[in-house]
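Data from my_file-v1.tsv: TSV, C-alpha atoms
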```tsv
chain	number	residue	atom	x	y	z
A	1	MET	CA	84.07	121.28	165.67
A	2	VAL	CA	81.85	122.44	162.82
A	3	ILE	CA	84.51	124.94	161.80
A	4	GLY	CA	87.14	122.22	161.85
A	5	LEU	CA	84.97	120.00	159.66
A	6	ARG	CA	84.44	122.84	157.16
A	7	LYS	CA	88.18	123.42	156.99
A	8	ARG	CA	88.80	119.74	156.28
A	9	ILE	CA	86.10	119.70	153.57
A	10	SER	CA	87.52	122.88	152.06
A	11	ARG	CA	91.03	121.39	151.99
A	12	LEU	CA	89.68	118.25	150.32
A	13	LEU	CA	87.87	120.32	147.68
A	14	ASP	CA	91.05	122.31	147.05
A	15	ARG	CA	93.01	119.10	146.58
A	16	LEU	CA	90.35	117.82	144.17
A	17	ASP	CA	90.46	121.04	142.17
A	18	GLY	CA	94.23	120.88	142.06
A	19	GLU	CA	94.12	117.30	140.82
A	20	ARG	CA	91.54	118.20	138.15
A	21	ASN	CA	93.66	121.08	136.90
A	22	ARG	CA	96.76	118.91	136.85
A	23	VAL	CA	95.02	116.27	134.71
A	24	SER	CA	93.45	118.72	132.29
A	25	SER	CA	96.71	120.58	131.74
A	26	LYS	CA	98.55	117.48	130.51
A	27	PRO	CA	99.69	118.12	126.95
A	28	PHE	CA	97.93	115.97	124.36
A	29	THR	CA	100.65	114.04	122.63
A	30	ILE	CA	101.13	110.47	121.61
A	31	GLN	CA	103.57	108.73	123.91
A	32	THR	CA	106.91	108.18	122.26
A	33	ASN	CA	108.12	105.40	124.52
A	34	ASP	CA	104.91	103.49	124.96
A	35	ALA	CA	105.15	99.96	123.62
A	36	ALA	CA	101.52	99.24	124.44
A	37	PRO	CA	98.87	99.58	121.74
A	38	PRO	CA	97.43	103.06	121.36
A	39	THR	CA	94.47	103.84	123.53
A	40	ALA	CA	90.99	104.12	122.11
A	41	PRO	CA	90.63	107.27	120.05
A	42	PRO	CA	88.66	110.09	121.60
A	43	THR	CA	86.74	110.43	118.35
A	44	ALA	CA	83.81	109.02	116.51
A	45	PRO	CA	84.59	105.84	114.53
A	46	ALA	CA	85.72	106.23	110.92
A	47	THR	CA	82.45	104.74	109.74
A	48	ALA	CA	80.36	107.45	111.37
A	49	PRO	CA	77.95	109.15	108.99
A	50	ALA	CA	79.11	112.37	107.45
A	51	THR	CA	76.33	114.27	109.19
A	52	ALA	CA	77.48	113.21	112.65
A	53	PRO	CA	79.28	115.73	114.81
A	54	ALA	CA	82.95	115.72	113.91
A	55	THR	CA	84.43	114.73	117.26
A	56	ALA	CA	84.23	115.15	120.95
A	57	PRO	CA	86.53	118.05	121.77
A	58	VAL	CA	89.96	117.01	122.96
A	59	PRO	CA	91.38	119.32	125.60
A	60	ILE	CA	94.39	121.06	124.14
A	61	PRO	CA	95.79	123.55	126.60
A	62	ALA	CA	96.58	127.00	125.34
A	63	THR	CA	100.27	126.44	125.99
A	64	GLU	CA	100.30	123.56	123.49
A	65	SER	CA	98.99	125.79	120.68
A	66	LYS	CA	97.87	122.90	118.49
A	67	SER	CA	101.15	121.02	118.48
A	68	THR	CA	99.87	118.59	115.86
A	69	GLY	CA	102.86	118.57	113.54
A	70	PRO	CA	105.43	115.80	113.13
A	71	SER	CA	106.88	116.50	116.58
A	72	ALA	CA	103.59	115.37	118.10
A	73	ILE	CA	103.99	111.83	116.84
A	74	SER	CA	106.89	109.42	116.94
A	75	ALA	CA	107.96	106.82	114.41
A	76	GLU	CA	106.87	104.13	116.89
A	77	ALA	CA	103.41	105.65	117.12
A	78	VAL	CA	103.23	105.85	113.32
A	79	ARG	CA	104.00	102.14	113.03
A	80	GLU	CA	101.25	101.32	115.53
A	81	ARG	CA	98.65	103.01	113.39
A	82	GLU	CA	96.63	100.94	110.97
A	83	MET	CA	97.65	101.44	107.32
A	84	VAL	CA	94.50	101.90	105.27
A	85	GLN	CA	94.27	101.89	101.51
A	86	ALA	CA	92.13	104.37	99.63
A	87	PRO	CA	90.63	103.14	96.37
A	88	ARG	CA	92.93	103.79	93.44
A	89	LEU	CA	91.30	105.93	90.77
A	90	ALA	CA	91.93	105.42	87.09
A	91	ASP	CA	94.08	108.11	85.52
A	92	ALA	CA	92.35	108.03	82.18
A	93	PRO	CA	89.45	106.18	80.62
A	94	GLU	CA	90.38	102.78	79.24
A	95	LYS	CA	91.07	102.84	75.54
A	96	ALA	CA	88.65	100.88	73.45
A	97	PRO	CA	90.19	97.67	72.14
A	98	GLU	CA	91.47	97.95	68.63
A	99	GLU	CA	89.62	96.08	65.95
A	100	ASP	CA	91.15	92.75	64.97
A	101	ASP	CA	92.50	93.20	61.46
A	102	GLY	CA	94.08	89.75	61.49
A	103	SER	CA	97.56	90.94	62.39
A	104	ILE	CA	99.48	89.51	65.33
A	105	ARG	CA	99.84	92.10	68.08
A	106	ILE	CA	102.36	91.66	70.87
A	107	LYS	CA	102.80	93.89	73.90
A	108	ALA	CA	105.87	93.51	76.09
A	109	GLU	CA	105.63	94.20	79.81
A	110	VAL	CA	108.77	94.13	81.96
A	111	SER	CA	108.38	92.66	85.44
A	112	LYS	CA	108.90	94.70	88.58
A	113	ALA	CA	112.10	92.82	89.37
A	114	GLY	CA	113.34	93.38	85.83
A	115	ASP	CA	114.47	89.81	85.27
A	116	GLU	CA	111.54	88.73	83.13
A	117	CYS	CA	109.39	90.15	80.37
A	118	ARG	CA	105.79	89.16	79.63
A	119	PHE	CA	104.66	89.12	76.00
A	120	LEU	CA	100.90	89.41	75.63
A	121	THR	CA	99.64	88.33	72.25
A	122	ASN	CA	96.24	88.30	70.58
A	123	ARG	CA	96.65	84.61	69.71
A	124	THR	CA	96.00	81.53	71.83
A	125	ILE	CA	99.19	79.54	72.28
A	126	LEU	CA	98.12	76.98	74.90
A	127	ASP	CA	94.38	77.19	75.45
A	128	GLY	CA	93.48	77.43	79.15
A	129	PHE	CA	96.77	75.96	80.34
A	130	SER	CA	100.37	76.92	80.95
A	131	TRP	CA	103.75	75.20	80.68
A	132	TRP	CA	107.08	76.05	82.20
A	133	TYR	CA	110.26	75.27	80.26
A	134	GLU	CA	113.12	75.37	82.71
A	135	GLU	CA	115.82	74.72	80.10
A	136	ALA	CA	116.30	74.14	76.38
A	137	GLN	CA	116.03	70.36	76.56
A	138	ASP	CA	112.48	70.70	77.93
A	139	ALA	CA	111.48	72.34	74.64
A	140	VAL	CA	112.70	69.78	72.10
A	141	ASP	CA	109.28	69.32	70.47
A	142	SER	CA	107.88	72.79	71.21
A	143	PRO	CA	108.96	75.08	68.33
A	144	LEU	CA	108.23	78.43	69.99
A	145	PRO	CA	110.10	77.85	73.28
A	146	ALA	CA	112.87	76.01	71.40
A	147	ALA	CA	113.42	79.05	69.17
A	148	LEU	CA	113.48	81.33	72.20
A	149	PHE	CA	116.11	79.20	73.93
A	150	GLU	CA	118.36	79.70	70.91
A	151	MET	CA	118.59	83.37	71.77
A	152	GLU	CA	121.51	84.39	73.94
A	153	GLY	CA	120.55	85.17	77.53
A	154	VAL	CA	117.21	83.34	77.65
A	155	GLU	CA	117.09	81.46	80.95
A	156	SER	CA	113.55	80.02	81.07
A	157	VAL	CA	110.29	80.27	79.18
A	158	LEU	CA	106.73	80.11	80.46
A	159	VAL	CA	103.79	79.81	78.09
A	160	ASP	CA	100.40	80.67	79.62
A	161	ASP	CA	97.37	80.71	77.34
A	162	SER	CA	98.10	83.64	75.02
A	163	THR	CA	101.13	84.91	76.95
A	164	VAL	CA	104.83	84.09	76.83
A	165	VAL	CA	107.07	84.99	79.77
A	166	VAL	CA	110.81	85.02	79.15
A	167	THR	CA	113.33	85.15	82.00
A	168	ARG	CA	116.79	86.31	81.08
A	169	ALA	CA	120.14	85.95	82.78
A	170	GLY	CA	122.41	88.90	83.51
A	171	ASP	CA	121.75	92.49	84.53
A	172	ARG	CA	118.10	92.80	85.53
A	173	PHE	CA	118.21	96.57	85.14
A	174	ALA	CA	119.45	96.48	81.55
A	175	ASP	CA	117.06	97.83	78.93
A	176	TRP	CA	114.74	95.06	77.73
A	177	ARG	CA	113.75	96.79	74.47
A	178	PRO	CA	116.43	95.40	72.13
A	179	MET	CA	115.94	91.82	73.32
A	180	ALA	CA	112.15	92.19	73.60
A	181	THR	CA	111.96	93.40	70.01
A	182	GLN	CA	113.85	90.30	68.83
A	183	ILE	CA	111.62	88.05	70.96
A	184	GLY	CA	108.54	89.76	69.55
A	185	ASP	CA	109.71	89.12	65.98
A	186	LEU	CA	110.42	85.51	66.84
A	187	ILE	CA	107.03	84.94	68.52
A	188	ARG	CA	105.27	86.54	65.53
A	189	GLU	CA	107.20	84.35	63.11
A	190	GLN	CA	106.31	81.20	65.06
A	191	LEU	CA	102.64	82.11	65.43
A	192	ASP	CA	102.48	82.88	61.71
A	193	SER	CA	103.80	79.44	60.78
A	194	ASP	CA	101.68	76.31	60.42
A	195	ALA	CA	103.48	74.45	63.19
A	196	ALA	CA	101.83	74.24	66.62
A	197	PRO	CA	103.86	76.44	68.98
A	198	VAL	CA	103.72	73.88	71.78
A	199	GLY	CA	104.65	70.21	71.36
A	200	GLN	CA	102.37	67.19	71.60
A	201	SER	CA	104.27	65.82	74.59
A	202	VAL	CA	103.20	68.89	76.54
A	203	LEU	CA	99.56	68.61	75.45
A	204	ASP	CA	99.59	64.93	76.52
A	205	SER	CA	100.97	65.82	79.94
A	206	LEU	CA	98.47	68.52	80.92
A	207	PRO	CA	96.94	67.54	84.27
A	208	ASP	CA	93.40	67.82	85.53
A	209	SER	CA	92.78	71.00	87.53
A	210	VAL	CA	91.23	69.05	90.43
A	211	GLU	CA	94.40	66.98	90.66
A	212	VAL	CA	96.44	70.18	90.63
A	213	GLU	CA	94.35	71.73	93.39
A	214	THR	CA	94.55	68.62	95.58
A	215	THR	CA	98.30	68.27	95.18
A	216	VAL	CA	99.06	71.94	95.75
A	217	GLN	CA	96.82	72.11	98.81
A	218	GLN	CA	98.58	69.10	100.27
A	219	VAL	CA	102.04	70.58	99.62
A	220	ILE	CA	100.98	73.84	101.25
A	221	GLU	CA	99.62	72.11	104.33
A	222	THR	CA	102.38	69.55	104.83
A	223	GLU	CA	105.54	71.30	103.60
A	224	ILE	CA	105.23	75.02	103.05
A	225	ASN	CA	103.06	76.31	105.88
A	226	PRO	CA	104.91	74.37	108.60
A	227	GLY	CA	108.10	75.96	107.26
A	228	VAL	CA	106.93	79.56	107.03
A	229	ALA	CA	105.07	79.27	110.35
A	230	ALA	CA	108.43	79.86	112.04
A	231	HIS	CA	108.22	83.38	110.59
A	232	SER	CA	104.52	83.74	111.51
A	233	GLY	CA	103.61	83.41	107.86
A	234	PHE	CA	101.19	81.28	105.90
A	235	ILE	CA	100.38	80.56	102.26
A	236	THR	CA	96.86	80.20	100.87
A	237	LEU	CA	95.85	78.68	97.56
A	238	THR	CA	93.50	81.24	96.04
A	239	HIS	CA	92.89	80.03	92.49
A	240	VAL	CA	93.54	77.19	90.08
A	241	ARG	CA	93.02	77.62	86.32
A	242	GLY	CA	93.96	74.55	84.34
A	243	ASN	CA	97.43	73.83	85.70
A	244	SER	CA	98.11	77.46	86.65
A	245	VAL	CA	98.14	78.22	90.34
A	246	THR	CA	97.66	81.47	92.24
A	247	ILE	CA	98.61	81.76	95.89
A	248	SER	CA	98.59	84.55	98.43
A	249	MET	CA	100.96	85.15	101.30
A	250	GLY	CA	99.72	86.14	104.74
A	251	GLY	CA	101.02	86.87	108.22
A	252	GLY	CA	104.76	87.46	108.32
A	253	CYS	CA	105.08	86.61	104.60
A	254	GLN	CA	102.90	89.55	103.50
A	255	GLY	CA	105.21	92.46	102.81
A	256	CYS	CA	108.31	90.49	103.82
A	257	SER	CA	111.40	91.53	101.91
A	258	ALA	CA	112.23	87.83	101.40
A	259	ALA	CA	108.79	86.99	99.96
A	260	ASP	CA	110.07	86.85	96.38
A	261	VAL	CA	112.89	84.47	97.31
A	262	THR	CA	110.45	82.30	99.27
A	263	LEU	CA	108.15	82.20	96.25
A	264	ARG	CA	110.75	81.41	93.63
A	265	GLN	CA	113.13	79.15	95.50
A	266	GLY	CA	110.79	77.55	97.99
A	267	ILE	CA	107.20	77.47	96.80
A	268	HIS	CA	107.90	76.99	93.08
A	269	LYS	CA	110.30	74.15	93.77
A	270	SER	CA	107.99	72.37	96.23
A	271	PHE	CA	105.03	72.58	93.86
A	272	ARG	CA	107.00	71.35	90.85
A	273	ASP	CA	108.74	68.60	92.79
A	274	ALA	CA	105.31	67.30	93.79
A	275	MET	CA	103.79	67.78	90.31
A	276	PRO	CA	106.15	68.61	87.41
A	277	SER	CA	103.21	69.44	85.13
A	278	ILE	CA	102.25	72.54	87.14
A	279	GLY	CA	102.63	75.56	84.88
A	280	ALA	CA	102.43	79.17	85.99
A	281	ILE	CA	102.59	80.02	89.69
A	282	TYR	CA	101.36	83.50	90.57
A	283	ASP	CA	101.36	85.48	93.81
A	284	ASP	CA	98.42	87.86	94.19
A	285	THR	CA	99.52	89.24	97.57
A	286	ASP	CA	99.52	93.01	97.93
A	287	HIS	CA	102.89	93.21	99.62
A	288	ALA	CA	102.69	96.99	99.98
A	289	ALA	CA	99.48	96.93	102.05
A	290	GLY	CA	99.08	96.19	105.71
A	291	LEU	CA	100.33	97.55	108.95
A	292	ASN	CA	104.07	97.47	108.39
A	293	PRO	CA	105.01	96.27	104.92
A	294	TYR	CA	108.72	95.54	104.50
A	295	PHE	CA	109.36	95.91	108.22
A	296	THR	CA	108.48	92.37	109.29
B	1	MET	CA	114.17	100.23	93.19
B	2	PRO	CA	114.97	103.80	92.15
B	3	LYS	CA	115.03	106.65	94.64
B	4	VAL	CA	112.16	109.08	94.97
B	5	GLN	CA	113.62	112.49	94.33
B	6	GLN	CA	110.45	114.44	95.05
B	7	PHE	CA	106.71	114.03	95.25
B	8	GLU	CA	103.84	116.50	95.23
B	9	CYS	CA	100.62	115.76	97.04
B	10	THR	CA	97.19	117.36	96.65
B	11	ILE	CA	94.51	116.51	99.21
B	12	LYS	CA	90.87	117.49	98.72
B	13	THR	CA	88.98	117.46	102.02
B	14	GLY	CA	85.40	116.19	102.10
B	15	ASN	CA	82.61	116.86	104.58
B	16	ILE	CA	84.70	116.73	107.74
B	17	GLY	CA	87.85	118.79	107.85
B	18	THR	CA	90.64	118.96	110.39
B	19	ASP	CA	92.54	121.81	111.96
B	20	CYS	CA	95.55	119.61	112.68
B	21	ASP	CA	98.75	119.92	110.67
B	22	VAL	CA	99.12	117.57	107.72
B	23	VAL	CA	101.82	115.05	108.56
B	24	MET	CA	103.12	112.40	106.22
B	25	ALA	CA	105.37	109.47	106.99
B	26	PHE	CA	108.17	108.40	104.69
B	27	ASN	CA	109.23	104.82	105.43
B	28	GLY	CA	107.52	105.17	108.79
B	29	HIS	CA	109.17	108.45	109.79
B	30	PRO	CA	106.77	111.36	110.45
B	31	LEU	CA	107.76	114.43	108.45
B	32	PRO	CA	106.21	117.79	107.50
B	33	PHE	CA	105.51	118.78	103.93
B	34	ASP	CA	107.72	121.42	102.36
B	35	ALA	CA	105.97	124.67	101.51
B	36	PRO	CA	102.44	123.56	102.31
B	37	SER	CA	99.61	125.65	100.92
B	38	GLY	CA	95.84	125.60	100.95
B	39	GLY	CA	93.85	124.11	103.78
B	40	THR	CA	92.19	121.07	105.26
B	41	ALA	CA	88.84	122.50	106.29
B	42	SER	CA	85.76	121.00	104.69
B	43	GLY	CA	85.88	121.59	100.93
B	44	GLU	CA	89.43	122.97	100.95
B	45	THR	CA	92.46	121.63	99.07
B	46	PHE	CA	95.87	121.17	100.60
B	47	ILE	CA	99.04	121.06	98.49
B	48	GLY	CA	102.42	119.98	99.77
B	49	SER	CA	105.63	118.50	98.45
B	50	PHE	CA	108.66	116.71	99.81
B	51	ALA	CA	112.08	115.75	98.44
B	52	PRO	CA	113.15	112.54	100.21
B	53	MET	CA	115.94	111.54	97.79
B	54	SER	CA	115.58	108.01	99.15
B	55	VAL	CA	114.16	104.64	98.21
B	56	ALA	CA	110.49	104.49	99.21
B	57	HIS	CA	109.08	101.45	100.96
B	58	SER	CA	106.02	103.29	102.20
B	59	ILE	CA	104.61	106.81	102.09
B	60	SER	CA	101.49	107.69	104.04
B	61	ILE	CA	99.37	110.55	105.29
B	62	ILE	CA	98.94	110.28	109.04
B	63	GLY	CA	95.44	110.61	110.47
B	64	PRO	CA	94.80	113.75	112.56
B	65	MET	CA	96.06	113.95	116.16
B	66	SER	CA	92.45	114.50	117.19
B	67	GLY	CA	89.10	114.07	115.56
B	68	GLU	CA	88.28	112.75	112.12
B	69	TRP	CA	89.32	113.87	108.67
B	70	GLN	CA	87.32	112.90	105.63
B	71	ILE	CA	89.30	113.05	102.44
B	72	ASP	CA	87.62	113.10	99.06
B	73	GLU	CA	90.68	112.61	96.89
B	74	ILE	CA	94.45	112.45	97.07
B	75	ALA	CA	96.58	112.99	93.98
B	76	VAL	CA	100.31	112.37	94.08
B	77	THR	CA	102.95	112.96	91.42
B	78	TYR	CA	106.23	111.13	91.94
B	79	HIS	CA	109.60	112.11	90.47
B	80	LEU	CA	112.01	109.17	90.57
B	81	GLU	CA	115.71	109.37	89.82
B	82	ILE	CA	115.11	107.47	86.59
B	83	GLY	CA	112.11	107.44	84.30
B	84	GLU	CA	109.37	109.91	83.62
B	85	PRO	CA	107.30	111.40	86.47
B	86	TYR	CA	104.04	109.53	87.07
B	87	SER	CA	100.89	110.16	89.07
B	88	ALA	CA	98.44	108.21	91.18
B	89	ARG	CA	94.97	109.23	92.35
B	90	PHE	CA	93.22	107.80	95.38
B	91	GLY	CA	89.53	108.04	96.25
B	92	PRO	CA	87.61	108.82	99.45
B	93	ILE	CA	89.00	107.73	102.81
B	94	ALA	CA	88.28	108.62	106.44
B	95	LEU	CA	91.25	109.19	108.71
B	96	ASP	CA	91.29	109.42	112.48
B	97	THR	CA	93.70	109.12	115.38
B	98	THR	CA	94.25	105.41	114.82
B	99	ASN	CA	95.20	105.18	111.18
B	100	GLN	CA	97.21	106.44	108.21
B	101	VAL	CA	96.55	106.13	104.49
B	102	ASN	CA	99.02	104.79	101.98
B	103	ILE	CA	99.90	107.19	99.17
B	104	TRP	CA	102.83	105.27	97.69
B	105	ALA	CA	102.27	103.80	94.25
B	106	GLU	CA	105.06	102.01	92.48
B	107	PRO	CA	105.99	103.22	89.00
B	108	PRO	CA	104.02	101.69	86.18
B	109	ARG	CA	105.70	98.72	84.59
B	110	PRO	CA	107.30	99.58	81.28
B	111	ALA	CA	105.09	98.24	78.50
B	112	PHE	CA	105.62	98.66	74.78
B	113	ASP	CA	104.54	97.11	71.51
B	114	VAL	CA	106.99	94.79	69.83
```
Would you mind giving the structure from this file in structure tokens?
Amino acid sequence: MVIGLRKRISRLLDRLDGERNRVSSKPFTIQTNDAAPPTAPPTAPATAPATAPATAPVPIPATESKSTGPSAISAEAVREREMVQAPRLADAPEKAPEEDDGSIRIKAEVSKAGDECRFLTNRTILDGFSWWYEEAQDAVDSPLPAALFEMEGVESVLVDDSTVVVTRAGDRFADWRPMATQIGDLIREQLDSDAAPVGQSVLDSLPDSVEVETTVQQVIETEINPGVAAHSGFITLTHVRGNSVTISMGGGCQGCSAADVTLRQGIHKSFRDAMPSIGAIYDDTDHAAGLNPYFT
Amino acid sequence: MPKVQQFECTIKTGNIGTDCDVVMAFNGHPLPFDAPSGGTASGETFIGSFAPMSVAHSISIIGPMSGEWQIDEIAVTYHLEIGEPYSARFGPIALDTTNQVNIWAEPPRPAFDV
């Protein structure tokens, strides 16, 4: 009987050994067809001090020979990983600002989409506020925007403090330099003249920033967010300066390929319908960051 | 958005290195670097390049398949189908089995005096 018991115990131990070997010989790869979130990493957290031991050893069988190349990870597994952003380092030290010799300096900066160009000047055009001229008739008593609308191809004009933003019609990839040079000359000419660049009717219409904040917040809560919620998105008001508004897009809106259309055709229109005196509307969302930018 | 013809990547490893292969993902697809050189042990520098010839929505370095990898600096030079090559430098970051670090930087906006 004792012999029989020993045999049974021995068989059990053999089975246990076999099971242990089977588990430890599983290749270490990330599952390619696993829709579930990745399991907890067998490593120390990323915030561990530099002096901590690197990691607990992960069993990699000799037959796997460190198969850690691209074949060890699938596109699905890549998308499940968190996208982190390392701090961006400056390429070169900032140049010291040039001394003001009294001349008007204008720098042109073409937008990412290519449809508008921002002209940064060293003169205040509309102190602390902004104004959006949708068409030429909006600029009847504002000499600078009125002169810009006389140029062929100018679609809209935004004046924001010391900056002028011109949107043009036509090919967005066409070289801006010829037109920007003309616009620069025109802005310089206007700023050099005695006439105020922006009309009195605009100055009389500038709203209080508290009123702007209240109105925009209400539009976001009652119109915009219920609409974008269908796409798991949301909009947040992040800053109000005078009548200039900055928003950020979150959830499904962050990184969405339709974010620009939503901003220009949805958010801009809703804000301006509710309060026509709202000037610049900016989006400070980092659409390239996050888990899956452009895939949502 | 213009296509990325090629990019070169230099990775300086910090205190904790990795013995895993360096894998990057272009638009979410894991790919090896062409002609990699150098190393990823502590204090070593890895250099690799890739010629995607495609529009970039995202480019990232995938964290190691095991353990942690502390990176001191990543420098990338991008060659787009139009415009001059440009570079971006990124500071320290810790990678592990759960994450990836973005190395895509859009071209600088054209700016000029008028």
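Taking atom CA of Ala94 of chain B and atom CA of Gly17 of chain B as endpoints, the distance between them is 10.3 Å.
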#### Entry: Which residue of B:Gly28, B:Pro36, B:Gly67, B:Pro52 approaches Gln5 of chain B most closely, using all atoms listed in the file
B:Pro52
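In this structure, atom CA of Arg88 of chain A sits 11.9 Å away from atom CA of Val101 of chain B.
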### Contact set, chain B to chain A: 8 Å, only C-alpha atoms, as a count of residues only
42
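Residues surrounding segment 42-51 of chain B within 7 Å are Gln5, Gln6, Phe7, Glu8, Cys9, Thr10, Ile11, Lys12, Thr13, Gly14, Asn15, Ile16, Gly17, Phe33, Asp34, Ala35, Pro36, Ser37 and Gly38 of chain B [only C-alpha atoms; sequence separation below 4 positions excluded].
Shell of Thr124 of chain A at 10 Å, with all atoms listed in the file counted and residues fewer than 5 places along the chain excluded, is Asp160, Asp161, Ser162, Thr163, Leu191 and Pro197 of chain A.
Taking atom CA of Ser209 of chain A and atom CA of Val240 of chain A as the two end points, the separation is 6.7 Å.
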Box time for segment 72-87 of chain A: axis-aligned, enclosing all its listed atoms, 8 Å extra on each side; report centre and edge lengths in Å to one decimal, as JSON.
```
{"center_x": 99.3, "center_y": 108.2, "center_z": 107.2, "size_x": 33.3, "size_y": 30.4, "size_z": 37.7}
```
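Using only C-alpha atoms, the protein and nucleic acid residues lying no more than 10 Å from Asp283 of chain A, apart from those fewer than 2 places from it along its own chain, are Ile235, Thr236, Leu237, Thr238, Val245, Thr246, Ile247, Ser248, Met249, Ala259, Asp260, Leu263, Ile281, Thr285, Asp286 and His287 of chain A.
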Restricted to C-alpha atoms, what would the selected residues look like written as a CSV table (one decimal), in the frame of the given file?
```
chain,number,residue,atom,x,y,z
A,235,ILE,CA,100.4,80.6,102.3
A,236,THR,CA,96.9,80.2,100.9
A,237,LEU,CA,95.8,78.7,97.6
A,238,THR,CA,93.5,81.2,96.0
A,245,VAL,CA,98.1,78.2,90.3
A,246,THR,CA,97.7,81.5,92.2
A,247,ILE,CA,98.6,81.8,95.9
A,248,SER,CA,98.6,84.6,98.4
A,249,MET,CA,101.0,85.2,101.3
A,259,ALA,CA,108.8,87.0,100.0
A,260,ASP,CA,110.1,86.8,96.4
A,263,LEU,CA,108.2,82.2,96.2
A,281,ILE,CA,102.6,80.0,89.7
A,285,THR,CA,99.5,89.2,97.6
A,286,ASP,CA,99.5,93.0,97.9
A,287,HIS,CA,102.9,93.2,99.6
```
### Query
Within 7 Å of segment 141-156 of chain A, counting all atoms listed in the file, which residues qualify if same-chain residues fewer than 2 places away don't, as a VMD selection string?
chain A and resid 133 to 136 139 158 166 to 169 187 190 197 to 199
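The protein and nucleic acid residues lying at most 8 Å from Ile103 of chain B are Ser58, Ile59, Ser60, Ile61, Ile74, Val76 and Phe90 of chain B, with all atoms listed in the file considered and sequence neighbours fewer than 5 positions away removed.
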